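The next block is upload_10.txt, given as compact mmCIF, C-alpha atoms.
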```
# COMPACT_ATOMS: atom_id res chain seq x y z
CA MET B 1 -5.71 -123.96 -77.53
CA VAL B 2 -4.04 -122.91 -74.35
CA LEU B 3 -4.43 -119.35 -73.19
CA LYS B 4 -1.42 -117.69 -71.64
CA ASN B 5 -2.02 -116.28 -68.20
CA ASN B 6 -0.39 -112.84 -68.27
CA ASN B 7 -0.96 -112.38 -64.54
CA GLN B 8 1.06 -115.37 -63.67
CA GLU B 9 4.52 -114.37 -62.49
CA PRO B 10 7.59 -116.26 -63.41
CA LYS B 11 8.87 -118.73 -60.91
CA GLU B 12 11.81 -116.50 -60.17
CA ASN B 13 9.47 -113.73 -59.14
CA GLN B 14 7.55 -116.19 -57.01
CA LEU B 15 10.76 -116.87 -55.12
CA VAL B 16 11.80 -113.27 -54.92
CA ASN B 17 8.52 -111.82 -53.67
CA PRO B 18 8.41 -113.71 -50.36
CA LEU B 19 11.91 -112.44 -49.59
CA HIS B 20 10.89 -108.99 -50.54
CA ASN B 21 7.81 -109.22 -48.35
CA LEU B 22 9.93 -110.49 -45.48
CA GLU B 23 12.30 -107.55 -45.84
CA ASN B 24 9.35 -105.19 -45.86
CA GLU B 25 8.05 -106.80 -42.70
CA LYS B 26 11.50 -106.45 -41.10
CA ASP B 27 11.67 -102.79 -42.10
CA SER B 28 8.24 -102.26 -40.61
CA ASP B 29 9.20 -104.01 -37.39
CA PHE B 30 12.41 -102.00 -37.20
CA GLU B 31 10.49 -98.78 -37.63
CA GLU B 32 8.03 -99.80 -34.93
CA LEU B 33 10.90 -100.75 -32.62
CA LYS B 34 12.63 -97.45 -33.31
CA LEU B 35 9.45 -95.56 -32.62
CA ALA B 36 9.03 -97.47 -29.36
CA GLU B 37 12.62 -96.70 -28.37
CA ASP B 38 12.14 -93.03 -29.20
CA GLU B 39 8.96 -92.95 -27.12
CA PHE B 40 10.73 -94.66 -24.19
CA ALA B 41 13.63 -92.24 -24.45
CA LYS B 42 11.20 -89.33 -24.45
CA CYS B 43 9.47 -90.66 -21.35
CA GLU B 44 12.83 -91.21 -19.65
CA THR B 45 13.84 -87.66 -20.50
CA ASP B 46 10.59 -86.34 -19.03
CA VAL B 47 11.23 -88.34 -15.84
CA GLU B 48 14.79 -86.99 -15.64
CA ASP B 49 13.53 -83.46 -16.16
CA GLU B 50 11.00 -83.92 -13.33
CA SER B 51 13.74 -85.34 -11.06
CA PHE B 52 16.03 -82.47 -12.01
CA GLU B 53 13.32 -79.99 -11.08
CA GLU B 54 12.98 -81.69 -7.67
CA VAL B 55 16.74 -81.52 -7.17
CA LEU B 56 16.66 -77.80 -7.88
CA VAL B 57 13.96 -77.24 -5.24
CA ARG B 58 15.59 -79.29 -2.44
CA PRO B 59 18.98 -77.49 -2.38
CA THR B 60 17.23 -74.12 -2.24
CA MET B 61 15.29 -75.11 0.87
CA PHE B 62 18.38 -76.73 2.32
CA TYR B 63 20.45 -73.56 1.96
CA VAL B 64 17.64 -71.46 3.38
CA LEU B 65 17.51 -73.69 6.46
CA VAL B 66 21.30 -73.68 6.77
CA GLY B 67 21.31 -69.89 6.51
CA LEU B 68 18.66 -69.55 9.22
CA LEU B 69 20.49 -72.02 11.45
CA THR B 70 23.74 -70.10 10.97
CA ILE B 71 22.05 -66.82 11.93
CA VAL B 72 20.58 -68.46 15.05
CA LEU B 73 23.94 -69.92 16.07
CA ILE B 74 25.73 -66.59 15.52
CA SER B 75 23.07 -64.79 17.56
CA ILE B 76 23.42 -67.33 20.37
CA GLY B 77 27.22 -66.97 20.25
CA ILE B 78 27.11 -63.16 20.39
CA GLY B 79 24.50 -63.19 23.14
CA SER B 80 26.47 -65.71 25.16
CA TYR B 81 29.64 -63.67 24.92
CA LEU B 82 27.92 -60.41 25.85
CA PHE B 83 25.97 -61.73 28.82
CA TYR B 84 27.85 -64.75 30.17
CA PRO B 85 30.71 -63.91 32.57
CA PHE B 86 33.60 -65.50 30.71
CA SER B 87 36.88 -65.01 32.56
CA SER B 88 38.54 -63.81 29.34
CA LYS B 89 36.30 -60.71 29.39
CA ILE B 90 38.05 -59.40 32.51
CA SER B 91 41.53 -60.63 31.75
CA GLY B 92 44.33 -58.06 31.99
CA THR B 93 44.99 -55.31 34.53
CA TRP B 94 42.36 -53.06 36.11
CA SER B 95 43.11 -50.22 38.49
CA ASN B 96 41.57 -47.82 40.99
CA ALA B 97 43.72 -44.72 41.32
CA ALA B 98 42.02 -43.45 44.48
CA LEU B 99 42.77 -46.62 46.41
CA ARG B 100 46.06 -47.18 44.59
CA MET B 101 44.78 -50.69 44.02
CA ASP B 102 45.51 -52.82 40.97
CA LEU B 103 43.59 -55.94 40.02
CA SER B 104 45.13 -58.36 37.54
CA SER B 105 43.26 -61.28 36.04
CA GLU B 106 44.52 -64.24 34.06
CA GLY B 107 42.38 -67.25 33.28
CA LYS B 108 40.26 -67.98 36.34
CA SER B 109 42.74 -66.46 38.78
CA TRP B 110 42.81 -62.89 40.04
CA THR B 111 45.11 -60.85 42.27
CA ALA B 112 44.37 -57.50 43.88
CA LYS B 113 47.20 -55.43 45.37
CA ILE B 114 47.22 -52.29 47.48
CA GLU B 115 50.70 -50.85 47.55
CA ASN B 116 51.87 -48.71 50.49
CA PHE B 117 48.90 -49.93 52.48
CA GLN B 118 47.73 -47.44 55.12
CA GLY B 119 50.51 -45.10 54.05
CA ILE B 120 53.29 -47.50 55.00
CA GLU B 121 55.90 -47.53 52.25
CA GLY B 122 57.02 -51.02 51.24
CA TYR B 123 53.88 -52.61 52.73
CA THR B 124 51.71 -54.31 50.06
CA PHE B 125 48.38 -55.88 50.95
CA VAL B 126 47.45 -58.72 48.58
CA TYR B 127 44.21 -60.58 47.85
CA LYS B 128 44.21 -63.69 45.68
CA GLY B 129 41.38 -65.88 44.52
CA GLN B 130 39.51 -67.68 41.77
CA TRP B 131 36.68 -66.38 39.60
CA GLN B 132 33.24 -67.92 39.80
CA ALA B 133 30.42 -67.05 37.39
CA SER B 134 27.48 -65.76 39.41
CA GLY B 135 25.14 -64.02 36.94
CA ILE B 136 24.96 -61.75 33.89
CA ASN B 137 28.50 -60.38 33.66
CA THR B 138 28.96 -60.83 37.40
CA TYR B 139 31.85 -62.65 39.02
CA GLY B 140 32.09 -63.99 42.53
CA GLY B 141 35.34 -64.55 44.39
CA GLN B 142 36.20 -67.95 45.81
CA GLN B 143 39.19 -69.52 47.55
CA THR B 144 40.18 -65.99 48.59
CA LYS B 145 43.53 -65.65 50.32
CA VAL B 146 45.01 -62.65 52.11
CA GLN B 147 48.75 -62.03 51.96
CA ILE B 148 51.27 -59.33 52.90
CA LEU B 149 54.35 -58.52 50.87
CA LEU B 150 57.05 -56.58 52.76
CA ASP B 151 59.99 -54.83 51.14
CA LYS B 152 62.96 -55.40 53.48
CA GLN B 153 64.66 -52.29 52.16
CA LYS B 154 61.76 -50.10 53.32
CA ILE B 155 60.30 -51.87 56.36
CA PRO B 156 62.23 -51.64 59.68
CA ALA B 157 64.34 -54.69 60.39
CA THR B 158 62.77 -55.12 63.83
CA GLU B 159 59.31 -55.53 62.29
CA ILE B 160 60.66 -57.95 59.68
CA SER B 161 62.33 -59.94 62.44
CA THR B 162 59.07 -60.13 64.39
CA LEU B 163 57.09 -61.35 61.39
CA GLN B 164 59.71 -63.96 60.58
CA LYS B 165 58.96 -65.72 63.83
CA LYS B 166 56.50 -68.59 63.86
CA ASN B 167 52.95 -67.41 64.46
CA PRO B 168 49.55 -69.22 64.27
CA LEU B 169 48.01 -66.21 62.52
CA TYR B 170 50.13 -66.43 59.36
CA LYS B 171 52.63 -68.55 57.49
CA LYS B 172 55.63 -67.62 55.38
CA ILE B 173 55.29 -67.96 51.61
CA LYS B 174 58.68 -66.56 50.67
CA ASP B 175 61.59 -65.08 52.59
CA ASP B 176 64.59 -63.84 50.63
CA LYS B 177 67.00 -60.91 50.76
CA LYS B 178 64.54 -58.52 49.17
CA ASN B 179 61.05 -59.49 50.36
CA LEU B 180 59.16 -61.23 53.13
CA HIS B 181 55.93 -62.74 51.83
CA ILE B 182 53.40 -64.09 54.35
CA GLU B 183 49.82 -65.41 54.16
CA TYR B 184 47.14 -65.32 56.84
CA THR B 185 45.86 -68.62 58.20
CA GLU B 186 42.18 -69.23 59.00
CA ALA B 187 42.91 -68.08 62.55
CA GLY B 188 44.45 -64.90 61.18
CA MET B 189 41.49 -64.32 58.86
CA LYS B 190 39.15 -64.79 61.79
CA LYS B 191 41.07 -62.25 63.87
CA ILE B 192 41.26 -59.59 61.13
CA PHE B 193 37.94 -59.99 59.30
CA GLY B 194 35.84 -61.74 61.93
CA ARG B 195 35.39 -64.76 59.66
CA LYS B 196 37.52 -67.52 58.19
CA ASN B 197 36.11 -67.15 54.68
CA ILE B 198 35.85 -63.73 53.01
CA ASP B 199 34.66 -64.84 49.56
CA ALA B 200 31.47 -62.85 50.11
CA TYR B 201 33.52 -59.65 50.20
CA PHE B 202 34.49 -60.08 46.57
CA HIS B 203 31.64 -59.71 44.15
CA PHE B 204 32.44 -58.06 40.82
CA SER B 205 30.25 -56.82 37.98
CA LEU B 206 31.32 -55.71 34.50
CA GLU B 207 29.33 -52.78 33.11
CA PRO B 208 28.02 -51.75 30.67
CA ILE B 209 27.55 -54.65 28.24
CA SER B 210 30.02 -54.06 25.42
CA PHE B 211 32.64 -55.70 23.22
CA LYS B 212 35.27 -53.13 24.22
CA LYS B 213 36.92 -53.33 27.64
CA SER B 214 38.05 -49.71 27.39
CA LYS B 215 34.40 -48.66 27.64
CA GLN B 216 33.63 -50.90 30.60
CA ILE B 217 34.08 -50.60 34.36
CA LEU B 218 34.75 -53.54 36.64
CA TYR B 219 32.92 -52.78 39.89
CA LEU B 220 33.93 -54.38 43.18
CA ASN B 221 31.29 -54.67 45.88
CA HIS B 222 33.59 -54.91 48.87
CA ALA B 223 32.16 -54.21 52.32
CA TYR B 224 35.62 -54.19 53.87
CA PHE B 225 36.81 -51.21 51.82
CA SER B 226 33.57 -49.33 51.43
CA SER B 227 29.81 -49.74 51.34
CA GLU B 228 29.97 -48.14 47.90
CA ARG B 229 30.97 -49.96 44.78
CA VAL B 230 34.65 -49.61 43.97
CA PRO B 231 35.26 -48.98 40.24
CA PHE B 232 38.23 -50.36 38.30
CA GLU B 233 39.18 -49.07 34.89
CA PHE B 234 40.87 -51.25 32.32
CA ASP B 235 44.59 -50.56 31.82
CA GLU B 236 45.83 -53.29 29.50
```
Could you quickly redo this structure as structure tokens?
Amino acid sequence: MVLKNNNQEPKENQLVNPLHNLENEKDSDFEELKLAEDEFAKCETDVEDESFEEVLVRPTMFYVLVGLLTIVLISIGIGSYLFYPFSSKISGTWSNAALRMDLSSEGKSWTAKIENFQGIEGYTFVYKGQWQASGINTYGGQQTKVQILLDKQKIPATEISTLQKKNPLYKKIKDDKKNLHIEYTEAGMKKIFGRKNIDAYFHFSLEPISFKKSKQILYLNHAYFSSERVPFEFDE
């Protein structure tokens, strides 16, 4: 008598079970792989968050440094303008009513005129030169020239005729129907001023320190005119 083994599975089940087990193993591996991917993604996110935090800190410091540098540069710029003798700070026309003297400045060139010099109508005494920075808002004169401008309508013809003649003390700059314009040579400078170079006579200072020219005075330290400082007020 043969006993039937109830625990024995049919052959079909024996074939199916290995496949089923294999699928279960695949599902398990897939779940493990998914878990690993999720863990990697989480770690990557944490790393990105840390990097993002670093990026947030760096720009803040960068802008702070840029802000400080900007303030320093602006301060240097303002200080330089206020204290350095830029020629643009004295550009325009300055005048001294008492001496009837006007000083005009453009770029690095300046011209000072005294009209009706020594009470002679039509006689204009002219100084011309170049600016030279010499200190805090101080300007020295250089390449100074001395000229005379004569109005032929107001100066006697005999005097005009005399000055038109060749002379080692001066040279003609311009001679037309209206004006005679002459300039002193080194010999002429030596005869009038006692020296060939009179740059030392022209030393200017702009006071007080300010952004507004209307509140400033341009002082001329000119030993030829006066031992005192000659003030010029800004006109335009």
Which polymer residues, protein or nucleic acid, are no farther than 12 Å from (52.1, -47.3, 53.8), counting all atoms listed in the file, as a PyMOL selection string?
chain B and resi 99-100+114-125+149-151+154-155
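Counting from CA of Ser104 (chain B), the distance to CA of Lys128 (chain B) is 9.8 Å.
Coordinates place CA of Ser95 (chain B) at a distance of 20.4 Å from CA of Gln142 (chain B).
Closest approach to Leu103 (chain B) among B:Thr162, B:Tyr127, B:Lys178, B:Met189 is made by B:Tyr127 (distances from all atoms listed in the file).
Separating CA of Gln164 (chain B) from CA of Tyr184 (chain B) is a distance of 13.2 Å.
Among B:Thr158, B:Thr138, B:Ser109, B:Gln130, the residue with the shortest atom-to-atom distance to Leu220 (chain B), counting only C-alpha atoms, is B:Thr138.
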My list of candidates is B:Ile136, B:Gln143, B:Gly79, B:Val64. Which is closest to Lys108 (chain B) when distances are computed with only C-alpha atoms?
B:Gln143
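The nearest approach to Ile217 (chain B) among the residues B:Lys174, B:Lys113, B:Lys196, B:Lys89, with all atoms listed in the file taken into account, belongs to B:Lys89.
The smallest atom-to-atom distance between Gly129 (chain B) and any of B:Phe232, B:Tyr170, B:Tyr219, B:Tyr201, using all atoms listed in the file, is found for B:Tyr201.
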For a cut-off of 9 Å around (38.4, -48.3, 34.2), file coordinates, pick out all residues using all atoms listed in the file and list them as a VMD selection string.
chain B and resid 94 to 96 213 to 218 231 to 235
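With distances restricted to only C-alpha atoms, B:Ile90 is the closest residue to Lys212 (chain B) from B:Ala187, B:Val146, B:Ile90, B:Ile182.
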Output as AutoDock Vina command-line options the centre and edge lengths (Å, one decimal) of the box along x, y and z of the file that holds every listed atom of region 94-111 of chain B after adding 4 Å on each side.
```
--center_x 43.2 --center_y -55.7 --center_z 39.8 --size_x 13.8 --size_y 32.5 --size_z 21.1
```
Mind checking which residues fall within 7 Å of Glu106 (chain B), counting only C-alpha atoms, ignoring those fewer than 3 positions away in the same chain, and posting them as a CSV table (one decimal) with C-alpha atoms, in the coordinates of the input?
```
chain,number,residue,atom,x,y,z
B,91,SER,CA,41.5,-60.6,31.8
B,92,GLY,CA,44.3,-58.1,32.0
B,109,SER,CA,42.7,-66.5,38.8
B,110,TRP,CA,42.8,-62.9,40.0
```
Would you mind putting N, CA and C atoms back on region 184-195 of chain B and writing the result as a PDB file, keeping the file's coordinate frame?
```pdb
ATOM      1  N   TYR B 184      47.918 -65.109  55.622  1.00  0.00           N
ATOM      2  CA  TYR B 184      47.140 -65.320  56.840  1.00  0.00           C
ATOM      3  C   TYR B 184      46.506 -66.719  56.850  1.00  0.00           C
ATOM      4  N   THR B 185      46.528 -67.343  58.001  1.00  0.00           N
ATOM      5  CA  THR B 185      45.860 -68.620  58.200  1.00  0.00           C
ATOM      6  C   THR B 185      44.371 -68.349  58.487  1.00  0.00           C
ATOM      7  N   GLU B 186      43.601 -69.413  58.672  1.00  0.00           N
ATOM      8  CA  GLU B 186      42.180 -69.230  59.000  1.00  0.00           C
ATOM      9  C   GLU B 186      42.036 -68.492  60.327  1.00  0.00           C
ATOM     10  N   ALA B 187      42.942 -68.787  61.262  1.00  0.00           N
ATOM     11  CA  ALA B 187      42.910 -68.080  62.550  1.00  0.00           C
ATOM     12  C   ALA B 187      43.196 -66.598  62.368  1.00  0.00           C
ATOM     13  N   GLY B 188      44.130 -66.285  61.474  1.00  0.00           N
ATOM     14  CA  GLY B 188      44.450 -64.900  61.180  1.00  0.00           C
ATOM     15  C   GLY B 188      43.309 -64.185  60.490  1.00  0.00           C
ATOM     16  N   MET B 189      42.645 -64.887  59.565  1.00  0.00           N
ATOM     17  CA  MET B 189      41.490 -64.320  58.860  1.00  0.00           C
ATOM     18  C   MET B 189      40.374 -64.022  59.856  1.00  0.00           C
ATOM     19  N   LYS B 190      40.193 -64.947  60.789  1.00  0.00           N
ATOM     20  CA  LYS B 190      39.150 -64.790  61.790  1.00  0.00           C
ATOM     21  C   LYS B 190      39.431 -63.569  62.668  1.00  0.00           C
ATOM     22  N   LYS B 191      40.684 -63.364  62.996  1.00  0.00           N
ATOM     23  CA  LYS B 191      41.070 -62.250  63.870  1.00  0.00           C
ATOM     24  C   LYS B 191      40.916 -60.903  63.163  1.00  0.00           C
ATOM     25  N   ILE B 192      41.295 -60.853  61.877  1.00  0.00           N
ATOM     26  CA  ILE B 192      41.260 -59.590  61.130  1.00  0.00           C
ATOM     27  C   ILE B 192      39.862 -59.253  60.614  1.00  0.00           C
ATOM     28  N   PHE B 193      39.216 -60.242  59.978  1.00  0.00           N
ATOM     29  CA  PHE B 193      37.940 -59.990  59.300  1.00  0.00           C
ATOM     30  C   PHE B 193      36.725 -60.472  60.096  1.00  0.00           C
ATOM     31  N   GLY B 194      36.971 -61.221  61.164  1.00  0.00           N
ATOM     32  CA  GLY B 194      35.840 -61.740  61.930  1.00  0.00           C
ATOM     33  C   GLY B 194      35.244 -62.995  61.328  1.00  0.00           C
ATOM     34  N   ARG B 195      35.865 -63.530  60.296  1.00  0.00           N
ATOM     35  CA  ARG B 195      35.390 -64.760  59.660  1.00  0.00           C
ATOM     36  C   ARG B 195      36.568 -65.460  58.972  1.00  0.00           C
TER      37      ARG B 195
END
```
